[in-house]
Structures are given as structure tokens and as C-alpha cells.
file final.txt (compact mmCIF, C-alpha atoms)
# COMPACT_ATOMS: atom_id res chain seq x y z
CA ILE A 19 0.12 22.53 -34.82
CA ILE A 20 -0.20 18.80 -34.27
CA PHE A 21 2.56 18.77 -31.70
CA GLU A 22 1.06 21.72 -29.86
CA LYS A 23 -2.37 20.11 -29.68
CA THR A 24 -1.29 16.55 -28.87
CA GLU A 25 2.02 16.99 -27.05
CA GLY A 26 3.58 14.49 -29.45
CA SER A 27 1.36 11.52 -28.53
CA PRO A 28 1.00 9.26 -31.60
CA TYR A 29 -2.52 8.21 -30.59
CA PHE A 30 -3.74 11.77 -30.11
CA ALA A 31 -1.96 12.95 -33.24
CA LEU A 32 -3.94 10.41 -35.25
CA GLU A 33 -7.21 11.42 -33.59
CA PHE A 34 -6.45 15.09 -34.22
CA LEU A 35 -5.79 14.44 -37.91
CA ARG A 36 -9.06 12.52 -38.17
CA SER A 37 -10.94 15.42 -36.63
CA LEU A 38 -9.38 17.82 -39.15
CA VAL A 39 -10.45 15.56 -42.02
CA ASP A 40 -13.97 15.20 -40.63
CA SER A 41 -14.31 18.98 -40.34
CA ARG A 42 -12.83 19.46 -43.84
CA LEU A 43 -9.97 21.52 -42.48
CA LEU A 44 -7.58 18.96 -43.89
CA LYS A 45 -8.44 17.51 -47.27
CA TYR A 46 -6.86 15.87 -50.27
CA SER A 47 -6.82 17.91 -53.47
CA LEU A 48 -7.13 15.76 -56.58
CA ARG A 49 -6.15 18.73 -58.72
CA GLU A 50 -2.98 19.44 -56.78
CA ARG A 51 -2.44 15.77 -55.85
CA ARG A 52 -1.58 16.56 -52.27
CA TRP A 53 -3.10 17.23 -48.86
CA ILE A 54 -4.02 20.85 -48.31
CA TRP A 55 -4.91 22.85 -45.22
CA ASP A 56 -5.12 26.40 -43.99
CA GLU A 57 -3.00 26.73 -40.87
CA ASN A 58 -4.52 30.06 -39.89
CA LYS A 59 -8.05 28.72 -40.19
CA ILE A 60 -7.18 25.66 -38.11
CA ARG A 61 -5.77 27.89 -35.39
CA SER A 62 -8.73 30.27 -35.51
CA GLU A 63 -11.21 27.40 -35.27
CA ASN A 64 -9.57 26.41 -31.97
CA ILE A 65 -10.55 22.82 -32.54
CA THR A 66 -9.08 21.92 -29.22
CA ASP A 67 -6.39 22.79 -26.76
CA ASN A 68 -7.35 19.73 -24.80
CA VAL A 69 -7.16 16.17 -26.09
CA LEU A 70 -10.16 15.29 -23.91
CA TYR A 71 -12.35 17.35 -26.23
CA LEU A 72 -11.36 15.19 -29.19
CA LEU A 73 -11.91 11.97 -27.31
CA SER A 74 -15.24 13.03 -25.81
CA ALA A 75 -16.53 14.11 -29.20
CA LYS A 76 -15.54 10.75 -30.65
CA MET A 77 -17.00 8.70 -27.80
CA THR A 78 -20.37 10.43 -27.76
CA SER A 79 -20.80 9.50 -31.41
CA LEU A 80 -20.34 5.78 -30.68
CA PRO A 81 -23.28 3.36 -30.23
CA GLU A 82 -24.82 3.48 -26.75
CA ASN A 83 -23.69 -0.04 -25.85
CA THR A 84 -20.11 0.78 -26.80
CA GLN A 85 -20.29 3.89 -24.64
CA LEU A 86 -21.67 1.78 -21.79
CA ALA A 87 -18.75 -0.65 -22.10
CA LEU A 88 -16.30 2.26 -21.95
CA LYS A 89 -18.05 3.65 -18.86
CA VAL A 90 -17.91 0.32 -17.07
CA VAL A 91 -14.23 -0.32 -17.82
CA SER A 92 -13.33 3.24 -16.81
CA CYS A 93 -14.74 2.59 -13.33
CA PHE A 94 -11.94 0.09 -12.74
CA GLY A 95 -9.18 2.47 -13.77
CA ILE A 96 -6.87 2.12 -16.74
CA LYS A 97 -7.56 -1.64 -17.05
CA VAL A 98 -9.92 -4.39 -15.94
CA ASP A 99 -9.33 -8.12 -15.44
CA GLU A 100 -10.84 -10.71 -17.74
CA SER A 101 -12.45 -12.33 -14.70
CA ILE A 102 -14.50 -9.17 -14.07
CA VAL A 103 -15.58 -9.13 -17.71
CA GLY A 104 -16.56 -12.79 -17.37
CA TYR A 105 -18.72 -12.17 -14.31
CA LEU A 106 -20.46 -9.22 -15.96
CA SER A 107 -21.02 -11.19 -19.18
CA SER A 108 -22.83 -13.88 -17.19
CA THR A 109 -25.59 -11.42 -16.26
CA SER A 110 -28.61 -10.64 -18.40
CA GLN A 111 -27.84 -6.92 -18.25
CA TYR A 112 -24.34 -7.35 -19.73
CA SER A 113 -24.74 -10.59 -21.68
CA ASP A 114 -23.23 -8.96 -24.81
CA PHE A 115 -20.50 -7.15 -22.90
CA ARG A 116 -17.67 -8.82 -24.79
CA ASP A 117 -19.18 -7.75 -28.11
CA TRP A 118 -19.40 -4.17 -26.86
CA LEU A 119 -15.76 -4.34 -25.81
CA ASP A 120 -14.81 -5.65 -29.25
CA GLN A 121 -16.47 -2.58 -30.76
CA ALA A 122 -14.46 -0.36 -28.40
CA ILE A 123 -11.32 -2.19 -29.50
CA ASN A 124 -12.21 -1.63 -33.17
CA GLU A 125 -12.63 2.07 -32.43
CA GLY A 126 -9.10 2.18 -31.00
CA CYS A 127 -10.16 3.06 -27.44
CA ILE A 128 -9.25 -0.20 -25.75
CA GLN A 129 -6.82 -3.00 -26.40
CA LYS A 130 -6.77 -6.53 -25.02
CA HIS A 131 -3.48 -7.72 -23.56
CA GLU A 132 -3.27 -11.22 -22.13
CA ASN A 133 -6.09 -11.43 -19.56
CA LYS A 134 -6.86 -7.72 -19.30
CA TYR A 135 -8.75 -5.06 -21.21
CA LYS A 136 -6.79 -1.82 -21.12
CA PHE A 137 -7.36 1.73 -22.31
CA VAL A 138 -4.79 2.78 -24.88
CA HIS A 139 -4.00 5.92 -22.87
CA ASP A 140 -4.93 7.36 -19.49
CA LYS A 141 -6.58 10.32 -21.24
CA VAL A 142 -8.84 7.89 -23.08
CA ARG A 143 -9.86 6.42 -19.76
CA GLU A 144 -10.50 9.90 -18.40
CA ALA A 145 -12.72 10.79 -21.35
CA ALA A 146 -14.64 7.52 -20.94
CA TYR A 147 -15.15 8.16 -17.22
CA ASN A 148 -16.43 11.64 -18.02
CA LEU A 149 -19.26 10.05 -19.99
CA ILE A 150 -20.79 9.31 -16.57
CA ALA A 151 -22.49 12.37 -15.09
CA ASP A 152 -20.71 13.54 -11.94
CA GLY A 153 -23.87 13.16 -9.88
CA ASN A 154 -24.28 9.55 -11.01
CA LYS A 155 -20.73 8.28 -10.58
CA SER A 156 -21.10 6.82 -7.07
CA GLN A 157 -24.34 5.08 -8.00
CA PHE A 158 -22.80 3.73 -11.21
CA HIS A 159 -19.82 2.27 -9.33
CA TYR A 160 -22.05 0.83 -6.64
CA ASP A 161 -24.47 -0.80 -9.09
CA ILE A 162 -21.58 -2.52 -10.88
CA GLY A 163 -20.19 -3.76 -7.56
CA ILE A 164 -23.52 -5.13 -6.34
CA LEU A 165 -24.12 -6.85 -9.68
CA LEU A 166 -20.67 -8.46 -9.50
CA TYR A 167 -21.31 -9.51 -5.90
CA SER A 168 -24.65 -11.13 -6.71
CA THR A 169 -23.06 -13.02 -9.60
CA SER A 170 -19.87 -14.17 -7.86
CA LYS A 171 -21.15 -14.74 -4.31
CA GLY A 172 -19.55 -17.82 -2.74
CA GLN A 173 -16.76 -18.05 -5.33
CA ASP A 174 -13.05 -17.49 -4.88
CA LEU A 175 -12.53 -14.13 -6.58
CA GLY A 176 -8.75 -14.02 -6.23
CA GLY A 177 -7.37 -10.61 -7.15
CA ALA A 178 -10.77 -9.54 -8.49
CA LEU A 179 -11.98 -9.24 -4.89
CA PHE A 180 -10.31 -5.84 -4.52
CA GLN A 181 -11.91 -4.54 -7.72
CA LEU A 182 -15.35 -5.71 -6.65
CA VAL A 183 -15.11 -4.23 -3.16
CA ASP A 184 -13.73 -0.95 -4.48
CA GLN A 185 -16.83 -0.53 -6.64
CA ILE A 186 -19.22 -1.22 -3.77
CA ASN A 187 -17.36 1.08 -1.39
CA HIS A 188 -18.34 4.06 -3.50
CA GLY A 189 -21.76 3.60 -1.94
CA ILE A 190 -20.65 3.64 1.73
CA PRO A 191 -22.68 4.50 3.66
CA SER A 192 -25.51 6.36 1.92
CA LEU A 193 -26.36 3.94 -0.90
CA ILE A 194 -26.16 0.70 1.04
CA GLN A 195 -29.43 -0.87 2.14
CA PRO A 196 -29.58 -2.05 5.78
CA ARG A 197 -30.02 -5.69 4.76
CA MET A 198 -26.75 -5.53 2.80
CA GLN A 199 -24.60 -3.84 5.42
CA ILE A 200 -23.16 -6.92 7.12
CA ASP A 201 -22.52 -8.63 3.77
CA ILE A 202 -20.54 -5.62 2.57
CA ALA A 203 -18.74 -5.31 5.90
CA GLU A 204 -17.65 -8.96 5.51
CA LEU A 205 -16.51 -8.25 1.96
CA ASN A 206 -14.30 -5.45 3.25
CA PHE A 207 -13.02 -7.76 5.96
CA SER A 208 -12.10 -10.36 3.32
CA ALA A 209 -10.35 -7.71 1.23
CA GLY A 210 -8.51 -6.45 4.32
CA ARG A 211 -7.38 -9.94 5.24
CA LYS A 212 -6.16 -10.56 1.69
CA ALA A 213 -4.24 -7.27 1.74
CA MET A 214 -2.68 -8.30 5.06
CA ASP A 215 -1.56 -11.58 3.49
CA LEU A 216 0.12 -9.50 0.78
CA SER A 217 1.79 -7.30 3.46
CA ASP A 218 -0.08 -4.27 2.13
CA PHE A 219 -0.97 -2.99 5.59
CA GLU A 220 -2.24 0.47 4.65
CA THR A 221 -4.67 -0.98 2.11
CA ALA A 222 -5.80 -3.55 4.68
CA TYR A 223 -6.35 -0.77 7.21
CA SER A 224 -8.49 1.13 4.71
CA TYR A 225 -10.72 -1.86 3.89
CA LEU A 226 -11.17 -2.80 7.55
CA ASN A 227 -12.09 0.76 8.46
CA ASN A 228 -14.73 0.73 5.71
CA ALA A 229 -16.45 -2.13 7.53
CA PHE A 230 -17.03 -0.20 10.75
CA PRO A 231 -19.78 2.22 9.62
CA LEU A 232 -21.75 -0.82 8.46
CA LEU A 233 -21.89 -2.55 11.86
CA PRO A 234 -25.16 -2.27 13.81
CA GLU A 235 -25.02 -0.67 17.25
CA ASN A 236 -25.49 -4.03 18.96
CA HIS A 237 -22.91 -5.82 16.81
CA TRP A 238 -21.18 -7.40 19.82
CA SER A 239 -24.37 -9.32 20.55
CA SER A 240 -25.86 -9.73 17.06
CA HIS A 241 -22.60 -10.47 15.19
CA TYR A 242 -20.20 -11.47 17.92
CA ASP A 243 -17.84 -13.77 15.98
CA PHE A 244 -17.50 -11.32 13.10
CA SER A 245 -16.90 -8.39 15.49
CA LEU A 246 -14.16 -10.38 17.22
CA ARG A 247 -12.38 -11.13 13.93
CA LEU A 248 -12.82 -7.61 12.58
CA PHE A 249 -11.50 -5.79 15.66
CA LEU A 250 -8.52 -8.13 16.01
CA LEU A 251 -7.48 -7.82 12.37
CA ARG A 252 -8.00 -4.06 12.46
CA ALA A 253 -5.79 -3.85 15.55
CA LYS A 254 -3.04 -5.77 13.74
CA SER A 255 -3.23 -3.64 10.59
CA THR A 256 -3.38 -0.43 12.63
CA TYR A 257 -0.34 -1.46 14.67
CA LEU A 258 1.62 -2.34 11.53
CA CYS A 259 0.77 1.08 10.10
CA GLY A 260 2.31 2.65 13.18
CA ASN A 261 -0.92 3.84 14.83
CA ILE A 262 -0.27 2.30 18.25
CA GLU A 263 -2.94 4.14 20.25
CA GLU A 264 -5.62 3.34 17.68
CA ALA A 265 -4.58 -0.31 17.74
CA TYR A 266 -4.95 -0.33 21.53
CA ASP A 267 -8.47 1.07 21.17
CA SER A 268 -9.46 -1.93 19.04
CA LEU A 269 -7.86 -4.35 21.46
CA LYS A 270 -9.64 -2.67 24.36
CA GLU A 271 -12.96 -3.28 22.60
CA ILE A 272 -12.19 -7.01 22.43
CA ILE A 273 -11.08 -7.17 26.07
CA GLU A 274 -14.22 -5.37 27.22
CA ASN A 275 -16.68 -7.31 25.05
CA GLY A 276 -15.09 -10.76 24.75
CA ARG A 277 -17.28 -13.48 26.26
CA CYS A 278 -14.51 -15.68 27.56
CA ILE A 279 -10.78 -15.61 28.26
CA GLU A 280 -10.06 -17.69 25.14
CA ASP A 281 -11.63 -14.99 22.94
CA LYS A 282 -9.52 -12.32 24.64
CA LEU A 283 -6.16 -14.08 24.58
CA ASP A 284 -4.99 -12.72 21.21
CA ALA A 285 -5.95 -9.21 22.29
CA TYR A 286 -4.05 -9.53 25.56
CA TYR A 287 -1.04 -10.91 23.70
CA LEU A 288 -0.99 -7.99 21.24
CA HIS A 289 -1.61 -5.46 23.97
CA VAL A 290 1.52 -6.43 25.91
call {"tool": "encode", "arguments": {"input": "final.txt", "output": "C-alpha cells"}}
result
Amino acid sequence: IIFEKTEGSPYFALEFLRSLVDSRLLKYSLRERRWIWDENKIRSENITDNVLYLLSAKMTSLPENTQLALKVVSCFGIKVDESIVGYLSSTSQYSDFRDWLDQAINEGCIQKHENKYKFVHDKVREAAYNLIADGNKSQFHYDIGILLYSTSKGQDLGGALFQLVDQINHGIPSLIQPRMQIDIAELNFSAGRKAMDLSDFETAYSYLNNAFPLLPENHWSSHYDFSLRLFLLRAKSTYLCGNIEEAYDSLKEIIENGRCIEDKLDAYYLHV
């Protein structure tokens, strides 16, 4: 039965056994001096054919702050960097975040390895993410990203930059306030440039494209320097992804809107 329900995963096997004990379907008999169970009753109860049921039932019984910690970490995938945890812990809203994570570790949901907090299994992460209502997921991601941005603004985020921007991008374009649009466009530009430095051209292309819906209609006059940098880097990433015509479109924008020949030189060079 255990193998059928857990597909042989040691972690899920342990959780399944705990659920059987909690429901008194597996118990120790002092009289017989052994563990006893009724296989037919266990099968008829249909405790679960899905390990997510076990995990969700366990997680919803945890303290609210522990559940919140699991939700937050799940937004970053299977693991989250210590630097992200540090930024969140510096805010009043998550000042006890490390303590909440310690509780999650004690419950066997998360483990700390070097400078990362990591779910013990991808199914555990999935169950934690499912604690967030589907209709609230984008807002939840976005709120985390904006909080991280307000805390880390002006600092060198290193690899954490991608994680921060990914959270905010869940809100593009509907959740982003007009006053924040250029800031977030510049964040995507920074992430795109960093991805280019790492020769990850498709990721760079994605970040740079995320910046475009956030530009005002008059961006060539109101944000000229940024527009120049954004269109040139997008042209490079697009070209390196093999989208030649699209790259030419970006270069054409620079040639048509550049204020002087010096600003157009790179575009002319790439266009040849």
C-alpha cells in the first residue's frame, strides 16, 4: 500500500505512515506487542491517491506564520537564496522570517543547505504554493517583489536580481502603478543586461521585452537615454536569438529617433 501511495519516496512514505497513525488506521497493540492495521479498511478509506493531499493536510495545520514562510519560499521555486531571506527579514512585515523558516525546517518541509533554503521535494513546494489561492498568486508574487525592491534599492543584488525581477513581473502590466513603471522597466533592463553578460540570450530577450509595455508613449522625449540603451540591447539580444527582422525593427527605432549621429552609430554598425 505504501509503495502504491507514495511511489517509493522515503519522505512521502514517512508522511503517509504518520497520517495512518493520526487517523488510528495504524496503531501499536500493547497486548500483541506489534503494529496492527487493517489493509482493507485503509484501502476503503482512500486516504489519498495523491501525495499532495497528505502534504496540504499537514501544511494547513501548521501555524499561520509557518504557512506564510512556506508560501513565500514557494514563490521562488524549489529554493531561495539566503540573500533574499536577508532582505525580507530586514522589513517589519517579515522581521521574524528566519524563525518561521526554522519552524518549517523542524516540520520537515524545508532544509537549509549552504546559503539556500530548499524544499525537501518538488511536491512539497507544489503543496506550499497551493496554499496561495489561485486568484491571489500574481498579487502575492508582486507584493514580495515590490517589498524586496524597496528594501534593496541601490544595492548590488548579484544573482538575486533575477529572483526579485521575476516576482515583480507577475504584475506586468495590470498591477503596476504608473509611477513605478519606469523603475520596473529599468529593473528588467538590468536583469536583461546581466543575462547578456552570462550569454543567456533568450532570458535577456525575455526581460528586455518585459520593459516595453512599461514605457510611456512619449518615451523617446521623456526618457531618451534609457530608450536608447533599451532598444540597442534588445536589438543585440534579439539578433543573438536569431530573430533578425525583429532586431532590425529595434535598430530602426534608434535610427529614426536618435538625436545625433553619435547616438545612432551603434545602430548603424549592427544594421550593416
call {"tool": "atom_distance", "arguments": {"input": "final.txt", "atom1": "CA of Pro231 (chain A)", "atom2": "CA of Asp161 (chain A)"}}
result
19.5 Å
call {"tool": "residues_around", "arguments": {"input": "final.txt", "residues": "Leu88 (chain A)", "least_positions_apart": "6", "cutoff": "8 Å", "atoms": "all atoms listed in the file", "output": "ChimeraX atom specification"}}
result
/A:119,122,143,146-147
call {"tool": "closest_residue", "arguments": {"input": "final.txt", "among": "A:Tyr105, A:Asp184, A:Tyr287, A:Arg52", "to": "Lys171 (chain A)", "atoms": "all atoms listed in the file"}}
result
A:Tyr105
call {"tool": "closest_residue", "arguments": {"input": "final.txt", "among": "A:Arg61, A:Arg51, A:Arg42, A:His241", "to": "Asp201 (chain A)", "atoms": "all atoms listed in the file"}}
result
A:His241
call {"tool": "closest_residue", "arguments": {"input": "final.txt", "among": "A:Asn261, A:Ser255, A:Ser37, A:Ser240", "to": "Lys212 (chain A)", "atoms": "only C-alpha atoms"}}
result
A:Ser255
call {"tool": "atom_distance", "arguments": {"input": "final.txt", "atom1": "CA of Val103 (chain A)", "atom2": "CA of Met214 (chain A)"}}
result
26.2 Å
call {"tool": "atom_distance", "arguments": {"input": "final.txt", "atom1": "CA of Ala222 (chain A)", "atom2": "CA of Tyr167 (chain A)"}}
result
19.7 Å
call {"tool": "residues_around", "arguments": {"input": "final.txt", "residues": "Asp140 (chain A)", "least_positions_apart": "6", "cutoff": "12 Å", "atoms": "all atoms listed in the file", "output": "list in words"}}
result
Ser27, Tyr29, Phe30, Val69, Leu70, Leu73, Ser92, Gly95, Ile96, Lys97, Cys127, Ile128, Ala146 and Tyr147 of chain A
call {"tool": "closest_residue", "arguments": {"input": "final.txt", "among": "A:Ile123, A:Leu246, A:Val90, A:Ile262", "to": "Leu283 (chain A)", "atoms": "all atoms listed in the file"}}
result
A:Leu246
call {"tool": "closest_residue", "arguments": {"input": "final.txt", "among": "A:Asn206, A:Gln85, A:Gln157, A:Thr221", "to": "Gln121 (chain A)", "atoms": "all atoms listed in the file"}}
result
A:Gln85
call {"tool": "residues_around", "arguments": {"input": "final.txt", "residues": "region 172-177 of chain A", "least_positions_apart": "4", "cutoff": "12 Å", "atoms": "all atoms listed in the file", "output": "ChimeraX atom specification"}}
result
/A:98-102,104-105,166-168,181-184,201,205,208-209,212-213,216
call {"tool": "residues_around", "arguments": {"input": "final.txt", "residues": "Ile272 (chain A)", "least_positions_apart": "6", "cutoff": "12 Å", "atoms": "all atoms listed in the file", "output": "PDB file with C-alpha atoms, in the frame of the given file"}}
result
ATOM      1  CA  TRP A 238     -21.180  -7.400  19.820  1.00  0.00           C
ATOM      2  CA  TYR A 242     -20.200 -11.470  17.920  1.00  0.00           C
ATOM      3  CA  ASP A 243     -17.840 -13.770  15.980  1.00  0.00           C
ATOM      4  CA  PHE A 244     -17.500 -11.320  13.100  1.00  0.00           C
ATOM      5  CA  SER A 245     -16.900  -8.390  15.490  1.00  0.00           C
ATOM      6  CA  LEU A 246     -14.160 -10.380  17.220  1.00  0.00           C
ATOM      7  CA  ARG A 247     -12.380 -11.130  13.930  1.00  0.00           C
ATOM      8  CA  LEU A 248     -12.820  -7.610  12.580  1.00  0.00           C
ATOM      9  CA  PHE A 249     -11.500  -5.790  15.660  1.00  0.00           C
ATOM     10  CA  LEU A 250      -8.520  -8.130  16.010  1.00  0.00           C
ATOM     11  CA  LEU A 251      -7.480  -7.820  12.370  1.00  0.00           C
ATOM     12  CA  ARG A 252      -8.000  -4.060  12.460  1.00  0.00           C
ATOM     13  CA  ALA A 253      -5.790  -3.850  15.550  1.00  0.00           C
ATOM     14  CA  ALA A 265      -4.580  -0.310  17.740  1.00  0.00           C
ATOM     15  CA  TYR A 266      -4.950  -0.330  21.530  1.00  0.00           C
ATOM     16  CA  CYS A 278     -14.510 -15.680  27.560  1.00  0.00           C
ATOM     17  CA  ILE A 279     -10.780 -15.610  28.260  1.00  0.00           C
ATOM     18  CA  GLU A 280     -10.060 -17.690  25.140  1.00  0.00           C
ATOM     19  CA  ASP A 281     -11.630 -14.990  22.940  1.00  0.00           C
ATOM     20  CA  LYS A 282      -9.520 -12.320  24.640  1.00  0.00           C
ATOM     21  CA  LEU A 283      -6.160 -14.080  24.580  1.00  0.00           C
ATOM     22  CA  ASP A 284      -4.990 -12.720  21.210  1.00  0.00           C
ATOM     23  CA  ALA A 285      -5.950  -9.210  22.290  1.00  0.00           C
ATOM     24  CA  TYR A 286      -4.050  -9.530  25.560  1.00  0.00           C
ATOM     25  CA  TYR A 287      -1.040 -10.910  23.700  1.00  0.00           C
ATOM     26  CA  LEU A 288      -0.990  -7.990  21.240  1.00  0.00           C
ATOM     27  CA  HIS A 289      -1.610  -5.460  23.970  1.00  0.00           C
TER      28      HIS A 289
END
call {"tool": "closest_residue", "arguments": {"input": "final.txt", "among": "A:Glu57, A:Cys93, A:Leu233, A:Asp218", "to": "Leu44 (chain A)", "atoms": "all atoms listed in the file"}}
result
A:Glu57
call {"tool": "residues_around", "arguments": {"input": "final.txt", "residues": "Asp117 (chain A)", "least_positions_apart": "5", "cutoff": "10 Å", "atoms": "only C-alpha atoms", "output": "PyMOL selection string"}}
result
chain A and resi 83-84+87+107+112+122-123
call {"tool": "write_last_selection", "arguments": {"input": "final.txt", "atoms": "C-alpha atoms", "output": "PDB file, in the coordinates of the input"}}
result
ATOM      1  CA  ASN A  83     -23.690  -0.040 -25.850  1.00  0.00           C
ATOM      2  CA  THR A  84     -20.110   0.780 -26.800  1.00  0.00           C
ATOM      3  CA  ALA A  87     -18.750  -0.650 -22.100  1.00  0.00           C
ATOM      4  CA  SER A 107     -21.020 -11.190 -19.180  1.00  0.00           C
ATOM      5  CA  TYR A 112     -24.340  -7.350 -19.730  1.00  0.00           C
ATOM      6  CA  ALA A 122     -14.460  -0.360 -28.400  1.00  0.00           C
ATOM      7  CA  ILE A 123     -11.320  -2.190 -29.500  1.00  0.00           C
TER       8      ILE A 123
END
call {"tool": "residues_near_point", "arguments": {"input": "final.txt", "point": "(-6.2, 8.1, -36.4)", "cutoff": "12 Å", "atoms": "all atoms listed in the file", "output": "PyMOL selection string"}}
result
chain A and resi 27-40+72-73+76+124-127
call {"tool": "axis_aligned_box", "arguments": {"input": "final.txt", "around": "region 119-135 of chain A", "padding_each_side": "5 Å", "output": "lines of an AutoDock Vina configuration file"}}
result
center_x = -9.9
center_y = -4.2
center_z = -26.2
size_x = 23.2
size_y = 24.5
size_z = 23.9
